[in-house]
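Visitor: Next up, upload12.pdb (PDB, C-alpha atoms, pLDDT in the B column).
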```pdb
ATOM      1  CA  MET X 515       9.347  27.705  -0.690  1.00 56.00           C
ATOM      2  CA  ASN X 516       5.761  27.216   0.472  1.00 85.00           C
ATOM      3  CA  ARG X 517       4.860  23.911   2.092  1.00 93.00           C
ATOM      4  CA  PRO X 518       5.065  21.318  -0.724  1.00 96.00           C
ATOM      5  CA  ARG X 519       1.729  19.839  -1.761  1.00 97.00           C
ATOM      6  CA  LEU X 520       1.898  16.035  -1.753  1.00 98.00           C
ATOM      7  CA  LEU X 521      -0.795  13.895  -3.359  1.00 97.00           C
ATOM      8  CA  VAL X 522      -1.992  10.931  -1.275  1.00 97.00           C
ATOM      9  CA  THR X 523      -4.349   8.358  -2.818  1.00 93.00           C
ATOM     10  CA  ARG X 524      -4.598   5.925   0.103  1.00 90.00           C
ATOM     11  CA  ALA X 525      -7.929   4.774   1.469  1.00 85.00           C
ATOM     12  CA  GLU X 526      -9.071   5.953   4.890  1.00 83.00           C
ATOM     13  CA  PRO X 527      -8.020   5.774   7.660  1.00 84.00           C
ATOM     14  CA  ASP X 528      -4.504   5.447   6.187  1.00 87.00           C
ATOM     15  CA  ALA X 529      -4.949   8.656   4.174  1.00 91.00           C
ATOM     16  CA  SER X 530      -5.572  10.804   7.257  1.00 93.00           C
ATOM     17  CA  ASP X 531      -2.684   9.156   9.123  1.00 92.00           C
ATOM     18  CA  THR X 532      -0.394   9.987   6.196  1.00 95.00           C
ATOM     19  CA  ALA X 533      -1.721  13.564   6.046  1.00 97.00           C
ATOM     20  CA  ARG X 534      -0.780  14.109   9.699  1.00 97.00           C
ATOM     21  CA  LEU X 535       2.711  12.759   9.042  1.00 97.00           C
ATOM     22  CA  ILE X 536       3.123  15.026   5.996  1.00 98.00           C
ATOM     23  CA  ALA X 537       2.147  18.053   8.082  1.00 97.00           C
ATOM     24  CA  GLU X 538       4.636  17.070  10.802  1.00 97.00           C
ATOM     25  CA  LEU X 539       7.424  16.815   8.213  1.00 97.00           C
ATOM     26  CA  GLY X 540       6.695  20.169   6.598  1.00 96.00           C
ATOM     27  CA  GLY X 541       4.325  19.435   3.725  1.00 97.00           C
ATOM     28  CA  GLU X 542       0.669  19.815   2.859  1.00 97.00           C
ATOM     29  CA  ALA X 543      -1.371  16.725   2.004  1.00 97.00           C
ATOM     30  CA  VAL X 544      -3.821  16.634  -0.883  1.00 97.00           C
ATOM     31  CA  LEU X 545      -6.111  13.633  -0.382  1.00 96.00           C
ATOM     32  CA  LEU X 546      -7.582  12.031  -3.486  1.00 94.00           C
ATOM     33  CA  THR X 547      -9.145   8.722  -2.521  1.00 89.00           C
ATOM     34  CA  THR X 548      -9.108   6.451  -5.559  1.00 90.00           C
ATOM     35  CA  ARG X 549      -9.936   3.323  -3.554  1.00 87.00           C
ATOM     36  CA  ARG X 550     -12.017   2.594  -0.464  1.00 87.00           C
ATOM     37  CA  GLU X 551     -12.010  -0.381   1.850  1.00 90.00           C
ATOM     38  CA  VAL X 552     -15.115  -2.460   2.573  1.00 93.00           C
ATOM     39  CA  ALA X 553     -15.219  -5.107   5.298  1.00 96.00           C
ATOM     40  CA  ILE X 554     -16.114  -8.687   4.357  1.00 97.00           C
ATOM     41  CA  LEU X 555     -17.859 -10.428   7.253  1.00 97.00           C
ATOM     42  CA  GLU X 556     -17.009 -14.088   6.717  1.00 96.00           C
ATOM     43  CA  ALA X 557     -17.151 -16.484   9.631  1.00 97.00           C
ATOM     44  CA  ALA X 558     -13.826 -17.769  10.941  1.00 96.00           C
ATOM     45  CA  PRO X 559     -12.594 -21.060   9.436  1.00 96.00           C
ATOM     46  CA  PRO X 560     -11.367 -23.877  11.691  1.00 97.00           C
ATOM     47  CA  LYS X 561      -8.307 -22.972  13.754  1.00 98.00           C
ATOM     48  CA  PRO X 562      -5.078 -23.269  11.686  1.00 98.00           C
ATOM     49  CA  ASP X 563      -1.433 -23.819  12.620  1.00 98.00           C
ATOM     50  CA  LEU X 564      -0.378 -20.338  11.523  1.00 98.00           C
ATOM     51  CA  LEU X 565      -1.673 -17.173   9.872  1.00 98.00           C
ATOM     52  CA  ILE X 566      -0.358 -15.022   7.031  1.00 97.00           C
ATOM     53  CA  ALA X 567      -1.191 -11.369   6.344  1.00 96.00           C
ATOM     54  CA  THR X 568      -0.103  -8.946   3.642  1.00 93.00           C
ATOM     55  CA  SER X 569      -1.962  -5.815   4.779  1.00 91.00           C
ATOM     56  CA  PRO X 570      -2.797  -4.155   8.095  1.00 91.00           C
ATOM     57  CA  ARG X 571      -6.418  -4.074   6.884  1.00 93.00           C
ATOM     58  CA  ALA X 572      -6.516  -7.830   7.472  1.00 96.00           C
ATOM     59  CA  PHE X 573      -6.528  -7.128  11.215  1.00 97.00           C
ATOM     60  CA  ARG X 574      -8.605  -3.961  11.233  1.00 94.00           C
ATOM     61  CA  LEU X 575     -11.486  -5.243   9.093  1.00 96.00           C
ATOM     62  CA  GLY X 576     -13.596  -8.393   9.002  1.00 97.00           C
ATOM     63  CA  GLU X 577     -14.926 -10.527  11.815  1.00 97.00           C
ATOM     64  CA  PRO X 578     -12.904 -10.552  15.065  1.00 96.00           C
ATOM     65  CA  ILE X 579      -9.985 -12.962  15.138  1.00 97.00           C
ATOM     66  CA  PRO X 580     -10.586 -15.621  17.832  1.00 97.00           C
ATOM     67  CA  GLN X 581      -8.686 -14.978  21.047  1.00 97.00           C
ATOM     68  CA  ASP X 582      -7.276 -18.500  21.144  1.00 97.00           C
ATOM     69  CA  TRP X 583      -5.509 -17.839  17.796  1.00 98.00           C
ATOM     70  CA  LEU X 584      -3.374 -14.999  19.152  1.00 98.00           C
ATOM     71  CA  GLY X 585      -0.577 -17.320  20.248  1.00 97.00           C
ATOM     72  CA  LEU X 586      -0.185 -18.803  16.766  1.00 98.00           C
ATOM     73  CA  PRO X 587       2.718 -17.821  14.505  1.00 98.00           C
ATOM     74  CA  CYS X 588       1.649 -14.830  12.401  1.00 98.00           C
ATOM     75  CA  LEU X 589       3.678 -14.198   9.247  1.00 97.00           C
ATOM     76  CA  THR X 590       3.440 -10.612   7.979  1.00 96.00           C
ATOM     77  CA  VAL X 591       4.665  -9.018   4.776  1.00 91.00           C
ATOM     78  CA  GLY X 592       6.350  -6.085   6.522  1.00 86.00           C
ATOM     79  CA  GLY X 593       6.631  -3.863   9.554  1.00 84.00           C
ATOM     80  CA  VAL X 594       3.366  -1.944   9.140  1.00 83.00           C
ATOM     81  CA  THR X 595       1.359  -5.169   8.909  1.00 91.00           C
ATOM     82  CA  ALA X 596       3.311  -6.594  11.850  1.00 93.00           C
ATOM     83  CA  GLU X 597       2.403  -3.552  13.948  1.00 91.00           C
ATOM     84  CA  ALA X 598      -1.280  -4.100  13.162  1.00 93.00           C
ATOM     85  CA  ALA X 599      -0.949  -7.763  14.184  1.00 97.00           C
ATOM     86  CA  GLY X 600       0.583  -6.702  17.486  1.00 97.00           C
ATOM     87  CA  LEU X 601      -2.238  -4.271  18.162  1.00 96.00           C
ATOM     88  CA  VAL X 602      -4.836  -7.055  18.078  1.00 97.00           C
ATOM     89  CA  GLY X 603      -2.732  -9.204  20.401  1.00 97.00           C
ATOM     90  CA  PHE X 604      -0.501 -11.523  18.342  1.00 98.00           C
ATOM     91  CA  SER X 605       2.772 -12.290  20.113  1.00 96.00           C
ATOM     92  CA  ASP X 606       4.651 -14.600  17.692  1.00 97.00           C
ATOM     93  CA  ILE X 607       4.985 -12.227  14.724  1.00 98.00           C
ATOM     94  CA  ARG X 608       7.465 -12.980  11.952  1.00 96.00           C
ATOM     95  CA  ILE X 609       8.229 -10.190   9.502  1.00 95.00           C
ATOM     96  CA  ALA X 610       9.183 -10.535   5.835  1.00 92.00           C
ATOM     97  CA  GLY X 611      10.925  -7.973   3.663  1.00 85.00           C
ATOM     98  CA  GLY X 612       8.015  -5.872   2.472  1.00 76.00           C
ATOM     99  CA  GLU X 613       6.797  -7.703  -0.653  1.00 77.00           C
ATOM    100  CA  ALA X 614       4.632 -10.819  -0.917  1.00 79.00           C
ATOM    101  CA  ALA X 615       7.537 -12.709  -2.529  1.00 81.00           C
ATOM    102  CA  SER X 616       9.688 -12.045   0.556  1.00 88.00           C
ATOM    103  CA  LEU X 617       7.346 -14.216   2.634  1.00 92.00           C
ATOM    104  CA  LYS X 618       8.495 -17.392   0.889  1.00 92.00           C
ATOM    105  CA  PRO X 619      11.534 -18.064   3.155  1.00 94.00           C
ATOM    106  CA  LEU X 620       9.266 -17.747   6.201  1.00 95.00           C
ATOM    107  CA  LEU X 621       6.892 -20.373   4.819  1.00 95.00           C
ATOM    108  CA  ALA X 622       9.462 -23.167   4.422  1.00 93.00           C
ATOM    109  CA  PRO X 623       9.629 -24.226   8.110  1.00 95.00           C
ATOM    110  CA  PHE X 624       5.867 -24.838   8.071  1.00 96.00           C
ATOM    111  CA  ALA X 625       5.763 -27.437   5.301  1.00 95.00           C
ATOM    112  CA  GLY X 626       2.922 -29.883   5.902  1.00 96.00           C
ATOM    113  CA  ARG X 627       1.069 -27.459   8.164  1.00 97.00           C
ATOM    114  CA  ARG X 628      -2.224 -25.647   7.606  1.00 97.00           C
ATOM    115  CA  ALA X 629      -2.194 -21.870   7.224  1.00 97.00           C
ATOM    116  CA  ILE X 630      -4.905 -19.257   6.888  1.00 98.00           C
ATOM    117  CA  TYR X 631      -4.292 -16.258   4.672  1.00 97.00           C
ATOM    118  CA  LEU X 632      -6.098 -13.186   6.013  1.00 97.00           C
ATOM    119  CA  ALA X 633      -6.887 -11.990   2.520  1.00 96.00           C
ATOM    120  CA  GLY X 634      -8.268  -8.980   0.729  1.00 95.00           C
ATOM    121  CA  GLU X 635      -9.990  -8.718  -2.621  1.00 93.00           C
ATOM    122  CA  PRO X 636      -8.691  -8.353  -5.243  1.00 88.00           C
ATOM    123  CA  ARG X 637      -5.435 -10.101  -4.426  1.00 89.00           C
ATOM    124  CA  ARG X 638      -2.326 -11.135  -6.325  1.00 83.00           C
ATOM    125  CA  PRO X 639      -1.623 -14.871  -6.846  1.00 87.00           C
ATOM    126  CA  GLU X 640       2.023 -15.008  -5.761  1.00 88.00           C
ATOM    127  CA  LEU X 641       1.503 -15.841  -2.091  1.00 90.00           C
ATOM    128  CA  GLU X 642      -0.873 -18.713  -2.774  1.00 92.00           C
ATOM    129  CA  ALA X 643       1.536 -20.158  -5.340  1.00 93.00           C
ATOM    130  CA  ASP X 644       4.479 -19.843  -2.939  1.00 94.00           C
ATOM    131  CA  ALA X 645       2.516 -21.513  -0.137  1.00 94.00           C
ATOM    132  CA  THR X 646       1.668 -24.470  -2.359  1.00 93.00           C
ATOM    133  CA  ALA X 647       5.290 -24.744  -3.503  1.00 94.00           C
ATOM    134  CA  SER X 648       6.417 -24.702   0.147  1.00 94.00           C
ATOM    135  CA  GLY X 649       4.141 -27.609   1.032  1.00 95.00           C
ATOM    136  CA  LEU X 650       1.545 -25.689   3.050  1.00 96.00           C
ATOM    137  CA  SER X 651      -2.166 -26.251   3.010  1.00 96.00           C
ATOM    138  CA  LEU X 652      -3.554 -22.735   2.605  1.00 95.00           C
ATOM    139  CA  ASP X 653      -7.111 -21.580   3.308  1.00 96.00           C
ATOM    140  CA  LEU X 654      -8.439 -18.082   2.704  1.00 96.00           C
ATOM    141  CA  TRP X 655     -10.301 -15.993   5.250  1.00 98.00           C
ATOM    142  CA  ARG X 656     -11.479 -12.979   3.291  1.00 97.00           C
ATOM    143  CA  ARG X 657     -11.376  -9.854   5.455  1.00 97.00           C
ATOM    144  CA  TYR X 658     -11.979  -6.905   3.109  1.00 97.00           C
ATOM    145  CA  ARG X 659     -12.245  -5.777  -0.477  1.00 94.00           C
ATOM    146  CA  MET X 660     -11.029  -2.597  -2.175  1.00 91.00           C
ATOM    147  CA  GLU X 661     -13.375  -0.670  -4.433  1.00 89.00           C
ATOM    148  CA  GLU X 662     -12.483   2.118  -6.858  1.00 84.00           C
ATOM    149  CA  GLY X 663     -14.508   5.250  -7.283  1.00 75.00           C
ATOM    150  CA  ALA X 664     -12.811   8.656  -7.644  1.00 83.00           C
ATOM    151  CA  SER X 665     -15.147  10.918  -9.628  1.00 85.00           C
ATOM    152  CA  ALA X 666     -14.045  13.276 -12.385  1.00 86.00           C
ATOM    153  CA  GLU X 667     -15.334  16.169 -10.248  1.00 90.00           C
ATOM    154  CA  ASP X 668     -13.233  15.099  -7.268  1.00 91.00           C
ATOM    155  CA  ILE X 669     -10.131  14.669  -9.440  1.00 92.00           C
ATOM    156  CA  ASP X 670     -10.596  18.137 -10.947  1.00 92.00           C
ATOM    157  CA  ALA X 671     -11.157  19.730  -7.548  1.00 93.00           C
ATOM    158  CA  LYS X 672      -8.056  18.155  -6.014  1.00 93.00           C
ATOM    159  CA  LEU X 673      -5.705  18.670  -8.997  1.00 94.00           C
ATOM    160  CA  LYS X 674      -6.882  22.108 -10.154  1.00 92.00           C
ATOM    161  CA  ASN X 675      -4.049  23.550  -8.048  1.00 93.00           C
ATOM    162  CA  PRO X 676      -0.904  21.606  -9.025  1.00 93.00           C
ATOM    163  CA  VAL X 677       0.715  19.215  -6.585  1.00 96.00           C
ATOM    164  CA  ASP X 678       4.482  19.046  -6.114  1.00 97.00           C
ATOM    165  CA  ALA X 679       4.904  15.269  -5.734  1.00 97.00           C
ATOM    166  CA  VAL X 680       2.880  12.050  -5.526  1.00 98.00           C
ATOM    167  CA  LEU X 681       3.181   9.268  -2.939  1.00 98.00           C
ATOM    168  CA  HIS X 682       2.764   5.652  -4.105  1.00 97.00           C
ATOM    169  CA  PHE X 683       2.428   3.126  -1.280  1.00 92.00           C
ATOM    170  CA  SER X 684       1.437   0.069  -3.328  1.00 87.00           C
ATOM    171  CA  ARG X 685       1.201  -1.330  -6.824  1.00 87.00           C
ATOM    172  CA  GLU X 686      -2.568  -1.392  -6.538  1.00 87.00           C
ATOM    173  CA  SER X 687      -2.875   2.279  -5.566  1.00 90.00           C
ATOM    174  CA  ALA X 688      -0.546   3.313  -8.399  1.00 94.00           C
ATOM    175  CA  ALA X 689      -2.688   1.403 -10.896  1.00 93.00           C
ATOM    176  CA  SER X 690      -5.904   2.850  -9.441  1.00 92.00           C
ATOM    177  CA  LEU X 691      -4.564   6.395  -9.800  1.00 95.00           C
ATOM    178  CA  ALA X 692      -3.594   5.753 -13.425  1.00 95.00           C
ATOM    179  CA  ARG X 693      -7.097   4.502 -14.209  1.00 93.00           C
ATOM    180  CA  ALA X 694      -8.705   7.417 -12.383  1.00 92.00           C
ATOM    181  CA  ILE X 695      -6.807  10.105 -14.314  1.00 94.00           C
ATOM    182  CA  GLN X 696      -6.708   8.341 -17.689  1.00 91.00           C
ATOM    183  CA  HIS X 697      -9.055  10.883 -19.298  1.00 91.00           C
ATOM    184  CA  SER X 698      -8.318  13.820 -17.001  1.00 92.00           C
ATOM    185  CA  PRO X 699      -6.870  17.077 -18.393  1.00 93.00           C
ATOM    186  CA  HIS X 700      -4.519  16.993 -15.387  1.00 94.00           C
ATOM    187  CA  ARG X 701      -2.958  13.650 -16.390  1.00 94.00           C
ATOM    188  CA  GLU X 702       0.215  14.882 -18.098  1.00 93.00           C
ATOM    189  CA  HIS X 703       1.001  17.493 -15.473  1.00 94.00           C
ATOM    190  CA  LEU X 704       0.551  14.932 -12.700  1.00 96.00           C
ATOM    191  CA  TRP X 705       2.927  12.476 -14.351  1.00 97.00           C
ATOM    192  CA  ARG X 706       5.460  15.293 -14.874  1.00 96.00           C
ATOM    193  CA  THR X 707       5.691  15.888 -11.137  1.00 96.00           C
ATOM    194  CA  GLY X 708       7.871  13.804  -8.833  1.00 97.00           C
ATOM    195  CA  GLN X 709       6.713  10.265  -8.035  1.00 98.00           C
ATOM    196  CA  ALA X 710       7.844   8.754  -4.715  1.00 98.00           C
ATOM    197  CA  CYS X 711       7.537   4.954  -4.515  1.00 97.00           C
ATOM    198  CA  LEU X 712       7.749   2.674  -1.501  1.00 92.00           C
ATOM    199  CA  SER X 713       9.519  -0.210  -3.285  1.00 89.00           C
ATOM    200  CA  PRO X 714      10.981  -1.312  -6.644  1.00 91.00           C
ATOM    201  CA  ALA X 715       7.818  -3.344  -7.298  1.00 87.00           C
ATOM    202  CA  VAL X 716       5.693  -0.219  -6.869  1.00 92.00           C
ATOM    203  CA  SER X 717       7.910   1.818  -9.195  1.00 95.00           C
ATOM    204  CA  GLY X 718       7.827  -0.970 -11.795  1.00 95.00           C
ATOM    205  CA  THR X 719       4.034  -1.021 -11.761  1.00 94.00           C
ATOM    206  CA  LEU X 720       3.923   2.774 -11.896  1.00 96.00           C
ATOM    207  CA  ARG X 721       6.093   2.894 -15.028  1.00 96.00           C
ATOM    208  CA  ALA X 722       3.890   0.282 -16.669  1.00 96.00           C
ATOM    209  CA  VAL X 723       0.587   2.031 -15.910  1.00 95.00           C
ATOM    210  CA  MET X 724       1.858   5.452 -16.933  1.00 95.00           C
ATOM    211  CA  GLY X 725       2.096   4.229 -20.498  1.00 89.00           C
ATOM    212  CA  PRO X 726       4.151   5.961 -23.208  1.00 91.00           C
ATOM    213  CA  LEU X 727       5.056   9.541 -22.275  1.00 92.00           C
ATOM    214  CA  PRO X 728       6.825  12.301 -24.239  1.00 93.00           C
ATOM    215  CA  PHE X 729       9.206  12.812 -21.287  1.00 95.00           C
ATOM    216  CA  GLU X 730      11.111  10.767 -18.730  1.00 95.00           C
ATOM    217  CA  PRO X 731       9.164  10.651 -15.446  1.00 95.00           C
ATOM    218  CA  ARG X 732      10.963  11.521 -12.222  1.00 97.00           C
ATOM    219  CA  ILE X 733      10.565   8.450 -10.014  1.00 97.00           C
ATOM    220  CA  ALA X 734      12.403   7.994  -6.718  1.00 98.00           C
ATOM    221  CA  LEU X 735      12.465   5.096  -4.253  1.00 96.00           C
ATOM    222  CA  ALA X 736      12.153   5.594  -0.517  1.00 95.00           C
ATOM    223  CA  PRO X 737      15.375   4.355   1.140  1.00 95.00           C
ATOM    224  CA  GLU X 738      13.318   2.613   3.839  1.00 90.00           C
ATOM    225  CA  ARG X 739       9.944   0.901   3.490  1.00 83.00           C
ATOM    226  CA  ASN X 740       7.917   3.032   5.832  1.00 87.00           C
ATOM    227  CA  ALA X 741       5.628   6.031   5.532  1.00 90.00           C
ATOM    228  CA  ALA X 742       8.062   8.582   6.996  1.00 93.00           C
ATOM    229  CA  SER X 743      10.779   7.616   4.527  1.00 95.00           C
ATOM    230  CA  LEU X 744       8.330   7.844   1.627  1.00 96.00           C
ATOM    231  CA  VAL X 745       7.118  11.292   2.706  1.00 97.00           C
ATOM    232  CA  ARG X 746      10.705  12.553   3.018  1.00 97.00           C
ATOM    233  CA  THR X 747      11.449  11.222  -0.467  1.00 98.00           C
ATOM    234  CA  ALA X 748       8.415  13.047  -1.866  1.00 98.00           C
ATOM    235  CA  LEU X 749       9.420  16.274  -0.114  1.00 97.00           C
ATOM    236  CA  ALA X 750      12.909  16.007  -1.603  1.00 97.00           C
ATOM    237  CA  LEU X 751      11.418  15.553  -5.077  1.00 97.00           C
ATOM    238  CA  ALA X 752       9.174  18.577  -4.569  1.00 95.00           C
ATOM    239  CA  ARG X 753      12.066  20.790  -3.454  1.00 91.00           C
ATOM    240  CA  GLU X 754      14.245  19.517  -6.293  1.00 88.00           C
ATOM    241  CA  GLN X 755      11.547  20.530  -8.770  1.00 76.00           C
ATOM    242  CA  THR X 756      11.285  23.997  -7.241  1.00 65.00           C
ATOM    243  CA  ASP X 757      15.070  24.466  -7.356  1.00 59.00           C
ATOM    244  CA  THR X 758      15.085  23.443 -11.030  1.00 57.00           C
ATOM    245  CA  GLN X 759      12.369  25.987 -11.852  1.00 53.00           C
ATOM    246  CA  PHE X 760      14.492  28.787 -10.416  1.00 39.00           C
ATOM    247  CA  ASP X 761      17.834  27.763 -11.982  1.00 42.00           C
TER     248      ASP X 761
END
```
Let me see the file written as structure tokens.

Guide:
Amino acid sequence: MNRPRLLVTRAEPDASDTARLIAELGGEAVLLTTRREVAILEAAPPKPDLLIATSPRAFRLGEPIPQDWLGLPCLTVGGVTAEAAGLVGFSDIRIAGGEAASLKPLLAPFAGRRAIYLAGEPRRPELEADATASGLSLDLWRRYRMEEGASAEDIDAKLKNPVDAVLHFSRESAASLARAIQHSPHREHLWRTGQACLSPAVSGTLRAVMGPLPFEPRIALAPERNAASLVRTALALAREQTDTQFD
């Protein structure tokens, strides 16, 4: 078959990084940016006892993190965020299981301490609730916000030639894609193609935002929570669809 066309809706620079990985693994990336990142330039709060981050953007965007904070414990939601923390110089990095809820066991040893959440906007409430329940004092340092904005013209241009599978890295990006294509003539075809999801939480959100469909969507979970595993899952879905067409 020709190189499978995989739809990527991530914001830059993540979208281009994913496109390079797709090319390396034998696919062709179709980039449809449904969200873009904007830095928030808030001044640093007073030095905390530890930091928490749920996205690599928390380290890439916003005001520089003070050098004398880099020895503090830094709790990250997963490996990609941990890698970003390491790149700016953190040494005591503690990695959760890939979802905000998986940070809760890492919070318990810090009861009574003050943490700063390197936050984006909009954000989900689970982490703040878990921090309070664990006895932490939690302050926010807003680092970035995500804005939506795919135009109908851009959607039509990118989806005029059908894609073979869609990559979903987060619940937020899945929901943004659903909103972007809600009134598009390409909507049903896109949902009929294979949907590769990074985690059960992402697939759950995807099913919810798809809404009622006259068919059962083909949704697959990446066996590992990293970009390479997700791309391989999408490629497998694309090839499975091609094999079915020629049965």

Visitor: Any chance you could resolve the PyMOL selection byres ((chain X and resi 525) around 7) against this file and give the residues as a ChimeraX atom specification?

Guide: /X:523-524,526-529,547,549-551

Visitor: How far is it from atom CA of Pro619 of chain X to atom CA of Glu686 of chain X, in Å with one decimal?

Guide: 23.9 Å

Visitor: Please list as a PyMOL selection string every residue within 7 Å of Ile733 of chain X, counting all atoms listed in the file and excluding residues in the same chain fewer than 4 positions away.

Guide: chain X and resi 708-710

Visitor: Quick one: of X:Ala752, X:Leu586, X:Leu632, X:Cys711, who's nearest to Ala558 of chain X, counting all atoms listed in the file?

Guide: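 Answer, going by the shortest atom-to-atom distance: X:Leu632.
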
Visitor: For Glu754 of chain X, which residue out of X:Pro518, X:Ser713, X:Ala610, X:Lys672 is the nearest one, using only C-alpha atoms?

Guide: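 Using only C-alpha atoms, Glu754 of chain X sits closest to X:Pro518.
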
Visitor: For each of X:Asp668, X:Asp653, X:Glu642, X:Asp678, take the minimum atom-to-atom distance to Glu542 of chain X, counting only C-alpha atoms, then give the residue where this is smallest.

Guide: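 Under the stated criterion, the closest residue is X:Asp678.
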
Visitor: Once the PyMOL selection byres ((chain X and resi 566-580) around 8) is applied to the coordinates I shared, what remains selected? I want it as an MDAnalysis selection string.

Guide: chainID X and resid 552:558 564:565 581:584 588:592 594:599 602 614 629:634 656:658

Visitor: Using all atoms listed in the file, which of X:Leu749, X:Arg534, X:Arg659, X:Val522 sits nearest Ala688 of chain X?

Guide: X:Val522

Visitor: Interatomic distance between atom CA of Arg638 of chain X and atom CA of Pro562 of chain X?

Guide: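 It comes out at 21.9 Å.
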
Visitor: Take atom CA of Arg732 of chain X and atom CA of Arg706 of chain X and report the distance between them in Å, one decimal.

Guide: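 Atom-to-atom, atom CA of Arg732 of chain X and atom CA of Arg706 of chain X are spaced 7.2 Å apart.
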
Visitor: Carefully work through the PyMOL selection byres ((chain X and resi 719) around 9) for this structure and note down the residues it includes, as a tab-separated table (two decimals) with C-alpha atoms, in the frame of the given file.

Guide:
```tsv
chain	number	residue	atom	x	y	z
X	684	SER	CA	1.44	0.07	-3.33
X	685	ARG	CA	1.20	-1.33	-6.82
X	686	GLU	CA	-2.57	-1.39	-6.54
X	688	ALA	CA	-0.55	3.31	-8.40
X	689	ALA	CA	-2.69	1.40	-10.90
X	714	PRO	CA	10.98	-1.31	-6.64
X	715	ALA	CA	7.82	-3.34	-7.30
X	716	VAL	CA	5.69	-0.22	-6.87
X	717	SER	CA	7.91	1.82	-9.20
X	718	GLY	CA	7.83	-0.97	-11.80
X	720	LEU	CA	3.92	2.77	-11.90
X	721	ARG	CA	6.09	2.89	-15.03
X	722	ALA	CA	3.89	0.28	-16.67
X	723	VAL	CA	0.59	2.03	-15.91
X	724	MET	CA	1.86	5.45	-16.93
```

Visitor: Between X:Leu535, X:Leu601, X:Ala671, X:Ala643, which residue has the minimum interatomic distance to Ala741 of chain X, considering all atoms listed in the file?

Guide: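 That would be X:Leu535, the residue with the smallest distance to Ala741 of chain X.
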